[in-house]
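Data block for data-v6.cif (mmCIF, C-alpha atoms):
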data_data
loop_
_atom_site.label_atom_id
_atom_site.label_comp_id
_atom_site.auth_asym_id
_atom_site.auth_seq_id
_atom_site.Cartn_x
_atom_site.Cartn_y
_atom_site.Cartn_z
CA MET W 946 4.85 -0.34 21.79
CA ALA W 947 5.00 -4.13 21.68
CA GLU W 948 8.38 -5.62 20.82
CA ILE W 949 9.15 -4.07 17.44
CA GLY W 950 10.99 -7.16 16.19
CA GLN W 951 7.89 -9.27 16.73
CA ILE W 952 5.70 -6.73 14.96
CA LYS W 953 8.06 -6.63 12.00
CA GLN W 954 8.14 -10.41 11.76
CA LEU W 955 4.34 -10.58 11.87
CA MET W 956 4.09 -7.98 9.10
CA LYS W 957 6.46 -10.00 6.94
CA ILE W 958 4.43 -13.14 7.53
CA MET W 959 1.24 -11.25 6.68
CA TRP W 960 2.47 -10.00 3.32
CA THR W 961 4.16 -13.23 2.30
CA SER W 962 0.99 -15.19 3.08
CA GLY W 963 -1.67 -15.53 0.45
CA ASP W 964 -0.85 -14.02 -2.94
CA PHE W 965 -1.31 -10.26 -3.01
CA GLY W 966 -0.36 -10.26 -6.68
CA LYS W 967 -3.80 -11.68 -7.44
CA ILE W 968 -5.30 -8.54 -5.88
CA ALA W 969 -2.68 -6.08 -7.13
CA GLN W 970 -3.59 -6.84 -10.74
CA PHE W 971 -6.92 -5.09 -10.17
CA MET W 972 -5.13 -2.01 -8.83
CA GLU W 973 -2.79 -1.44 -11.77
CA ARG W 974 -4.89 1.22 -13.50
CA SER W 975 -5.04 3.46 -10.42
CA ALA W 976 -1.32 2.95 -9.84
CA GLU W 977 -0.59 4.11 -13.38
CA GLU W 978 -2.73 7.23 -12.83
CA PHE W 979 -0.88 7.88 -9.57
CA VAL W 980 2.50 7.63 -11.33
CA ARG W 981 1.37 9.93 -14.16
CA GLY W 982 0.71 12.56 -11.51
CA LEU W 983 4.39 12.46 -10.52
CA GLN W 984 5.36 14.00 -13.89
CA LEU W 985 8.51 11.92 -14.08
CA LYS W 986 11.30 12.83 -16.50
CA PRO W 987 13.74 10.40 -18.12
CA GLY W 988 16.79 9.84 -15.94
CA MET W 989 15.11 10.72 -12.64
CA HIS W 990 16.08 8.48 -9.72
CA VAL W 991 12.93 7.00 -8.21
CA LEU W 992 12.48 4.84 -5.12
CA ASP W 993 9.28 2.83 -4.76
CA VAL W 994 8.81 1.87 -1.10
CA GLY W 995 6.58 -1.12 -0.48
CA CYS W 996 6.70 -1.76 -4.20
CA GLY W 997 4.82 -5.06 -4.00
CA THR W 998 4.45 -6.58 -7.44
CA GLY W 999 5.67 -3.41 -9.16
CA ASN W 1000 2.45 -1.50 -9.83
CA GLN W 1001 4.24 1.85 -9.42
CA SER W 1002 7.77 0.75 -10.35
CA ILE W 1003 6.76 -0.56 -13.79
CA PRO W 1004 5.05 2.62 -15.11
CA ALA W 1005 7.82 4.77 -13.57
CA ALA W 1006 10.43 2.79 -15.50
CA ARG W 1007 8.34 3.01 -18.67
CA ALA W 1008 8.56 6.81 -18.26
CA GLY W 1009 12.35 6.54 -18.40
CA ALA W 1010 13.09 6.87 -14.69
CA LYS W 1011 15.86 4.90 -13.00
CA VAL W 1012 13.82 2.90 -10.54
CA ARG W 1013 14.58 0.91 -7.45
CA GLY W 1014 11.90 -0.87 -5.45
CA VAL W 1015 11.95 -2.22 -1.91
CA ASP W 1016 9.49 -4.40 -0.04
CA ILE W 1017 9.48 -6.66 3.01
CA ALA W 1018 7.84 -9.52 1.07
CA SER W 1019 10.25 -11.58 -1.02
CA ASN W 1020 7.46 -13.33 -2.93
CA LEU W 1021 6.07 -10.01 -4.15
CA LEU W 1022 9.53 -8.82 -5.14
CA ALA W 1023 9.92 -11.96 -7.25
CA GLN W 1024 6.68 -11.18 -9.07
CA ALA W 1025 7.78 -7.58 -9.62
CA ALA W 1026 11.11 -8.70 -11.05
CA GLU W 1027 9.36 -11.14 -13.37
CA ARG W 1028 7.09 -8.37 -14.66
CA ALA W 1029 10.06 -6.06 -15.25
CA THR W 1030 11.95 -8.77 -17.12
CA HIS W 1031 8.91 -9.46 -19.27
CA GLU W 1032 8.79 -5.79 -20.28
CA ARG W 1033 12.58 -5.55 -20.59
CA LEU W 1034 12.75 -2.85 -17.94
CA ASN W 1035 15.88 -2.41 -15.85
CA ILE W 1036 14.56 -2.10 -12.28
CA GLU W 1037 16.44 -3.08 -9.13
CA PHE W 1038 14.25 -4.82 -6.57
CA LYS W 1039 15.47 -5.71 -3.09
CA GLU W 1040 14.15 -6.44 0.38
CA GLY W 1041 13.89 -3.29 2.43
CA ASP W 1042 12.05 -1.67 5.31
CA ALA W 1043 10.33 1.72 5.08
CA GLU W 1044 11.66 2.53 8.55
CA ALA W 1045 15.31 1.75 7.66
CA LEU W 1046 15.85 2.30 3.96
CA PRO W 1047 19.13 0.79 2.65
CA PHE W 1048 20.12 3.89 0.67
CA GLN W 1049 22.31 6.97 0.99
CA ASP W 1050 21.13 10.44 2.00
CA GLN W 1051 19.53 12.53 -0.76
CA GLU W 1052 19.84 9.71 -3.29
CA PHE W 1053 16.46 10.06 -5.01
CA ASP W 1054 14.55 12.70 -6.95
CA VAL W 1055 11.27 10.98 -6.12
CA VAL W 1056 10.30 8.67 -3.25
CA THR W 1057 6.92 7.06 -3.68
CA SER W 1058 4.72 4.64 -1.75
CA MET W 1059 1.16 3.68 -2.58
CA PHE W 1060 -0.87 1.80 0.06
CA ALA W 1061 2.35 0.47 1.57
CA ALA W 1062 4.44 2.60 3.96
CA MET W 1063 1.20 3.66 5.63
CA PHE W 1064 1.18 0.22 7.28
CA ALA W 1065 4.63 0.57 8.88
CA PRO W 1066 4.27 0.58 12.68
CA ARG W 1067 6.32 3.73 13.37
CA PRO W 1068 5.17 6.58 11.11
CA GLU W 1069 7.70 9.04 12.53
CA MET W 1070 10.50 6.81 11.26
CA VAL W 1071 8.87 6.55 7.83
CA VAL W 1072 8.85 10.34 7.57
CA SER W 1073 12.46 10.60 8.71
CA GLU W 1074 13.64 8.00 6.22
CA PHE W 1075 11.66 9.43 3.31
CA VAL W 1076 13.02 12.92 3.95
CA ARG W 1077 16.54 11.56 4.42
CA VAL W 1078 16.79 9.70 1.10
CA CYS W 1079 14.93 12.32 -0.97
CA LYS W 1080 16.80 15.28 -2.44
CA PRO W 1081 15.83 18.74 -1.13
CA GLY W 1082 13.13 20.06 -3.42
CA GLY W 1083 12.43 16.53 -4.65
CA LEU W 1084 9.11 14.79 -4.27
CA ILE W 1085 7.78 12.36 -1.69
CA ALA W 1086 4.50 10.95 -3.00
CA MET W 1087 2.19 8.70 -1.01
CA GLY W 1088 -1.18 7.15 -1.71
CA ASN W 1089 -2.98 6.40 1.59
CA TRP W 1090 -6.43 5.01 2.29
CA THR W 1091 -8.65 7.45 4.16
CA ALA W 1092 -10.53 6.55 7.34
CA GLY W 1093 -13.81 6.51 5.42
CA SER W 1094 -12.53 4.44 2.51
CA PHE W 1095 -13.85 1.01 1.62
CA VAL W 1096 -10.57 -0.60 2.70
CA ALA W 1097 -10.53 1.14 6.10
CA ARG W 1098 -14.11 0.18 6.87
CA GLN W 1099 -13.49 -3.36 5.70
CA ASN W 1100 -10.43 -3.59 7.97
CA ALA W 1101 -12.56 -2.36 10.87
CA VAL W 1102 -14.78 -5.41 10.45
CA ALA W 1103 -11.80 -7.76 10.85
CA SER W 1104 -10.44 -5.73 13.78
CA ARG W 1105 -13.57 -6.47 15.80
CA PHE W 1106 -12.68 -10.16 15.60
CA VAL W 1107 -8.88 -9.89 15.97
CA PRO W 1108 -7.84 -6.49 17.40
CA PRO W 1109 -4.48 -5.02 16.29
CA PRO W 1110 -1.65 -4.64 18.84
CA PRO W 1111 -2.78 -2.02 21.41
CA ASP W 1112 0.22 0.28 20.81
CA ALA W 1113 0.24 0.04 17.02
CA ALA W 1114 -0.27 3.21 15.03
CA ASN W 1115 -3.50 3.33 13.05
CA PRO W 1116 -2.50 3.06 9.36
CA MET W 1117 -5.57 5.03 8.33
CA ASP W 1118 -4.23 8.12 10.12
CA TRP W 1119 -2.04 8.50 7.02
CA GLY W 1120 -5.26 9.32 5.18
CA ASP W 1121 -5.89 12.36 7.41
CA GLU W 1122 -4.42 15.56 5.92
CA ARG W 1123 -4.02 17.16 9.34
CA VAL W 1124 -2.05 14.19 10.69
CA VAL W 1125 0.13 13.98 7.58
CA LYS W 1126 1.10 17.64 7.82
CA GLN W 1127 1.87 17.27 11.52
CA ARG W 1128 4.13 14.31 10.80
CA PHE W 1129 6.18 16.12 8.17
CA GLY W 1130 6.14 19.36 10.15
CA GLU W 1131 8.67 21.89 8.90
CA ARG W 1132 10.74 19.28 7.10
CA ALA W 1133 8.63 19.47 3.94
CA ASP W 1134 5.96 21.47 2.16
CA VAL W 1135 2.91 19.20 1.91
CA VAL W 1136 -0.07 19.23 -0.45
CA CYS W 1137 -2.83 16.65 0.01
CA THR W 1138 -5.57 15.79 -2.48
CA ARG W 1139 -8.40 13.30 -2.19
CA ARG W 1140 -8.45 11.01 -5.22
CA PRO W 1141 -11.06 8.50 -6.39
CA PHE W 1142 -10.26 4.81 -6.53
CA VAL W 1143 -12.33 2.10 -8.20
CA PHE W 1144 -12.21 -1.64 -7.64
CA ASP W 1145 -13.62 -3.09 -10.89
CA LEU W 1146 -13.84 -6.86 -10.58
CA PRO W 1147 -15.17 -9.32 -13.19
CA PHE W 1148 -17.22 -11.32 -10.70
CA GLY W 1149 -20.02 -10.70 -8.22
CA PRO W 1150 -19.57 -9.27 -4.71
CA GLU W 1151 -19.83 -12.62 -2.90
CA GLN W 1152 -17.13 -14.03 -5.15
CA ALA W 1153 -15.11 -10.84 -4.64
CA GLU W 1154 -15.13 -11.35 -0.88
CA GLU W 1155 -14.03 -14.96 -1.27
CA TYR W 1156 -11.30 -13.96 -3.72
CA PHE W 1157 -9.89 -11.23 -1.46
CA SER W 1158 -10.08 -13.34 1.70
CA ARG W 1159 -8.23 -16.17 -0.03
CA HIS W 1160 -5.42 -14.05 -1.48
CA LEU W 1161 -4.99 -11.24 1.07
CA GLY W 1162 -2.24 -12.25 3.51
CA PRO W 1163 -3.41 -10.19 6.50
CA MET W 1164 -6.87 -11.74 6.21
CA GLN W 1165 -5.34 -15.20 6.17
CA ILE W 1166 -3.58 -14.37 9.45
CA VAL W 1167 -6.81 -13.08 11.01
CA LEU W 1168 -8.70 -16.21 9.97
CA SER W 1169 -5.96 -18.45 11.36
CA ARG W 1170 -6.59 -16.97 14.81
CA LEU W 1171 -10.32 -17.73 14.88
CA ASP W 1172 -12.24 -20.92 15.58
CA GLU W 1173 -14.66 -22.24 12.95
CA SER W 1174 -17.58 -20.26 14.33
CA GLY W 1175 -15.56 -17.04 14.33
CA LYS W 1176 -14.36 -17.64 10.78
CA GLU W 1177 -17.90 -18.20 9.52
CA GLN W 1178 -19.19 -15.07 11.24
CA LEU W 1179 -16.36 -12.87 9.98
CA LEU W 1180 -16.61 -14.13 6.39
CA GLU W 1181 -20.39 -13.66 6.41
CA GLU W 1182 -20.05 -10.06 7.66
CA ARG W 1183 -17.42 -9.36 5.00
CA LYS W 1184 -19.64 -10.87 2.31
CA GLN W 1185 -22.59 -8.68 3.32
CA PHE W 1186 -20.28 -5.66 3.36
CA TRP W 1187 -19.21 -6.32 -0.23
CA VAL W 1188 -22.83 -6.81 -1.29
CA ARG W 1189 -23.93 -3.52 0.31
CA GLU W 1190 -21.06 -1.51 -1.18
CA ASN W 1191 -21.30 -2.96 -4.70
CA GLN W 1192 -22.42 -0.51 -7.37
CA GLY W 1193 -22.31 -3.13 -10.10
CA ASP W 1194 -24.54 -6.18 -10.29
CA ALA W 1195 -24.61 -9.82 -9.23
CA ASN W 1196 -21.88 -10.70 -11.73
CA HIS W 1197 -19.78 -7.54 -11.72
CA THR W 1198 -18.39 -5.82 -8.64
CA ILE W 1199 -17.73 -2.08 -8.73
CA ILE W 1200 -16.58 -0.42 -5.52
CA ARG W 1201 -15.99 3.34 -5.65
CA THR W 1202 -13.87 4.70 -2.84
CA GLU W 1203 -11.06 7.20 -2.23
CA TYR W 1204 -7.52 7.70 -1.03
CA LEU W 1205 -5.39 10.66 0.04
CA GLU W 1206 -2.65 11.62 -2.37
CA VAL W 1207 0.25 13.21 -0.49
CA HIS W 1208 2.91 15.30 -2.28
CA ALA W 1209 5.63 16.47 0.09
CA ARG W 1210 8.70 18.42 -1.01
CA PRO W 1211 11.59 18.30 1.48
CA ASN W 1212 13.13 21.63 2.40
#
Translate this file's structure into structure tokens.
Amino acid sequence: MAEIGQIKQLMKIMWTSGDFGKIAQFMERSAEEFVRGLQLKPGMHVLDVGCGTGNQSIPAARAGAKVRGVDIASNLLAQAAERATHERLNIEFKEGDAEALPFQDQEFDVVTSMFAAMFAPRPEMVVSEFVRVCKPGGLIAMGNWTAGSFVARQNAVASRFVPPPPDAANPMDWGDERVVKQRFGERADVVCTRRPFVFDLPFGPEQAEEYFSRHLGPMQIVLSRLDESGKEQLLEERKQFWVRENQGDANHTIIRTEYLEVHARPN
């Protein structure tokens, strides 16, 4: 694998570029549904890995859990903390890496990560860390885009213009039940369920593409590596992709897709 320090630095730059909070606001409803499925009880210790702007941390704290959130992007952590303060929720947010969690063994009843840890470059380390910090019989819950999802196919468009590092793990493998079970092996009992996900945006598909390209950090990095001709071609292909996938109308974008819900209970 390419120098891991360089990969980590690039990932941090990606997620601190743009403003993912502008996108995350349209994902809050699905995050709340995901958290409801955890059946949290008051007093449970919950770790939200790759917490972003707090889409999972906030509803978990509302349920009475004692929540801590970690993310590599300081700007997103600041937004999460602001949201928690606004709702008067006591949540600890700190910078942290899914591959080296800054917590003790068996510290949490629930470890959760939605569309986050799946992007870490070394999945075997993610599994090891999740199992390490989760109590035996506790719950590790992940939400991962599948290979056929809207997000995966959209990423494939960008990858034709700027390929990922040759040794990097494919994040979308986390959306494959067979791969997930292989990764956890005998360390946990794993149940996977495909769940629907809907992007419901109050503007048309062409505006949706522009909005996402402007605010999504990884896309900003891709665009920065292209000349003007390449940028125009990529943005046009993305725009046509949004138009084709839209199930709404010219002024309302509705994208129906799916993700893999993973519930793993460490032995």
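Nearest to Arg1077 of chain W of all the residues W:Glu1027, W:Glu1052, W:Glu1181, W:Asp1042 is W:Glu1052, counting only C-alpha atoms.
Non-sequential neighbours of segment 1054-1059 of chain W (distance at most 7 Å, separation of 5 or more positions within a chain, all atoms listed in the file) are Met989, His990, Val991, Leu992, Asp993, Val994, Gly995, Phe1075, Cys1079, Lys1080, Gly1083, Leu1084, Ile1085, Ala1086, Met1087, Gly1088 and Asn1089 of chain W.
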With the file shown as input, list the residues that the PyMOL selection byres ((chain W and resi 958) around 12) selects, as a VMD selection string. chain W and resid 951 to 957 959 to 964 1017 to 1020 1161 to 1167
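Against the coordinates shown, the PyMOL selection byres ((chain W and resi 1014) around 10) returns Val991, Leu992, Asp993, Val994, Gly995, Cys996, Gly997, Thr998, Gly999, Gln1001, Ser1002, Ile1003, Val1012, Arg1013, Val1015, Asp1016, Leu1022, Ala1025, Ala1026, Ile1036, Glu1037, Phe1038, Lys1039, Glu1040, Gly1041, Val1056, Thr1057 and Ser1058 of chain W.
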Could you save those same residues with C-alpha atoms as a tab-separated table (two decimals), keeping the file's coordinate frame?
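Final file, out.tsv:
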chain	number	residue	atom	x	y	z
W	991	VAL	CA	12.93	7.00	-8.21
W	992	LEU	CA	12.48	4.84	-5.12
W	993	ASP	CA	9.28	2.83	-4.76
W	994	VAL	CA	8.81	1.87	-1.10
W	995	GLY	CA	6.58	-1.12	-0.48
W	996	CYS	CA	6.70	-1.76	-4.20
W	997	GLY	CA	4.82	-5.06	-4.00
W	998	THR	CA	4.45	-6.58	-7.44
W	999	GLY	CA	5.67	-3.41	-9.16
W	1001	GLN	CA	4.24	1.85	-9.42
W	1002	SER	CA	7.77	0.75	-10.35
W	1003	ILE	CA	6.76	-0.56	-13.79
W	1012	VAL	CA	13.82	2.90	-10.54
W	1013	ARG	CA	14.58	0.91	-7.45
W	1015	VAL	CA	11.95	-2.22	-1.91
W	1016	ASP	CA	9.49	-4.40	-0.04
W	1022	LEU	CA	9.53	-8.82	-5.14
W	1025	ALA	CA	7.78	-7.58	-9.62
W	1026	ALA	CA	11.11	-8.70	-11.05
W	1036	ILE	CA	14.56	-2.10	-12.28
W	1037	GLU	CA	16.44	-3.08	-9.13
W	1038	PHE	CA	14.25	-4.82	-6.57
W	1039	LYS	CA	15.47	-5.71	-3.09
W	1040	GLU	CA	14.15	-6.44	0.38
W	1041	GLY	CA	13.89	-3.29	2.43
W	1056	VAL	CA	10.30	8.67	-3.25
W	1057	THR	CA	6.92	7.06	-3.68
W	1058	SER	CA	4.72	4.64	-1.75
Shortest interatomic distance to Gly982 of chain W - which of W:Gln1192, W:Pro1081, W:Ala1005, W:Leu1168, counting all atoms listed in the file: W:Ala1005
Could you state which residues are captured by the PyMOL selection byres ((chain W and resi 1142) around 10) in this file, as a count of residues only? 18
I want to know what sits within 9 Å of Phe1157 of chain W, based on only C-alpha atoms, with residues of the same chain fewer than 4 positions away left out; could you give that as an NGL selection string? :W and (965 or 967-968 or 1152-1153 or 1161 or 1164)
What does the distance between atom CA of Gly1149 of chain W and atom CA of Val1188 of chain W come to in Å, to one decimal place? 8.4 Å
Residues within 12 Å of Arg1105 of chain W, all atoms listed in the file, excluding chain neighbours under 2 positions, as a ChimeraX atom specification: /W:1098-1103,1107-1109,1167,1171,1175,1178-1179,1182-1183
Output of the above residues as a PDB file, keeping the file's coordinate frame, restricted to C-alpha atoms:
ATOM      1  CA  ARG W1098     -14.110   0.180   6.870  1.00  0.00           C
ATOM      2  CA  GLN W1099     -13.490  -3.360   5.700  1.00  0.00           C
ATOM      3  CA  ASN W1100     -10.430  -3.590   7.970  1.00  0.00           C
ATOM      4  CA  ALA W1101     -12.560  -2.360  10.870  1.00  0.00           C
ATOM      5  CA  VAL W1102     -14.780  -5.410  10.450  1.00  0.00           C
ATOM      6  CA  ALA W1103     -11.800  -7.760  10.850  1.00  0.00           C
ATOM      7  CA  VAL W1107      -8.880  -9.890  15.970  1.00  0.00           C
ATOM      8  CA  PRO W1108      -7.840  -6.490  17.400  1.00  0.00           C
ATOM      9  CA  PRO W1109      -4.480  -5.020  16.290  1.00  0.00           C
ATOM     10  CA  VAL W1167      -6.810 -13.080  11.010  1.00  0.00           C
ATOM     11  CA  LEU W1171     -10.320 -17.730  14.880  1.00  0.00           C
ATOM     12  CA  GLY W1175     -15.560 -17.040  14.330  1.00  0.00           C
ATOM     13  CA  GLN W1178     -19.190 -15.070  11.240  1.00  0.00           C
ATOM     14  CA  LEU W1179     -16.360 -12.870   9.980  1.00  0.00           C
ATOM     15  CA  GLU W1182     -20.050 -10.060   7.660  1.00  0.00           C
ATOM     16  CA  ARG W1183     -17.420  -9.360   5.000  1.00  0.00           C
TER      17      ARG W1183
END
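Atom CA of Pro1116 of chain W sits 25.3 Å away from atom CA of Pro1150 of chain W.
Between atom CA of Gly1120 of chain W and atom CA of Arg981 of chain W the separation is 20.5 Å.
With only C-alpha atoms as the atoms that count, the residue of W:Tyr1156, W:Phe1060, W:Phe1106, W:Phe1129 with the shortest distance to Glu1177 of chain W is W:Phe1106.
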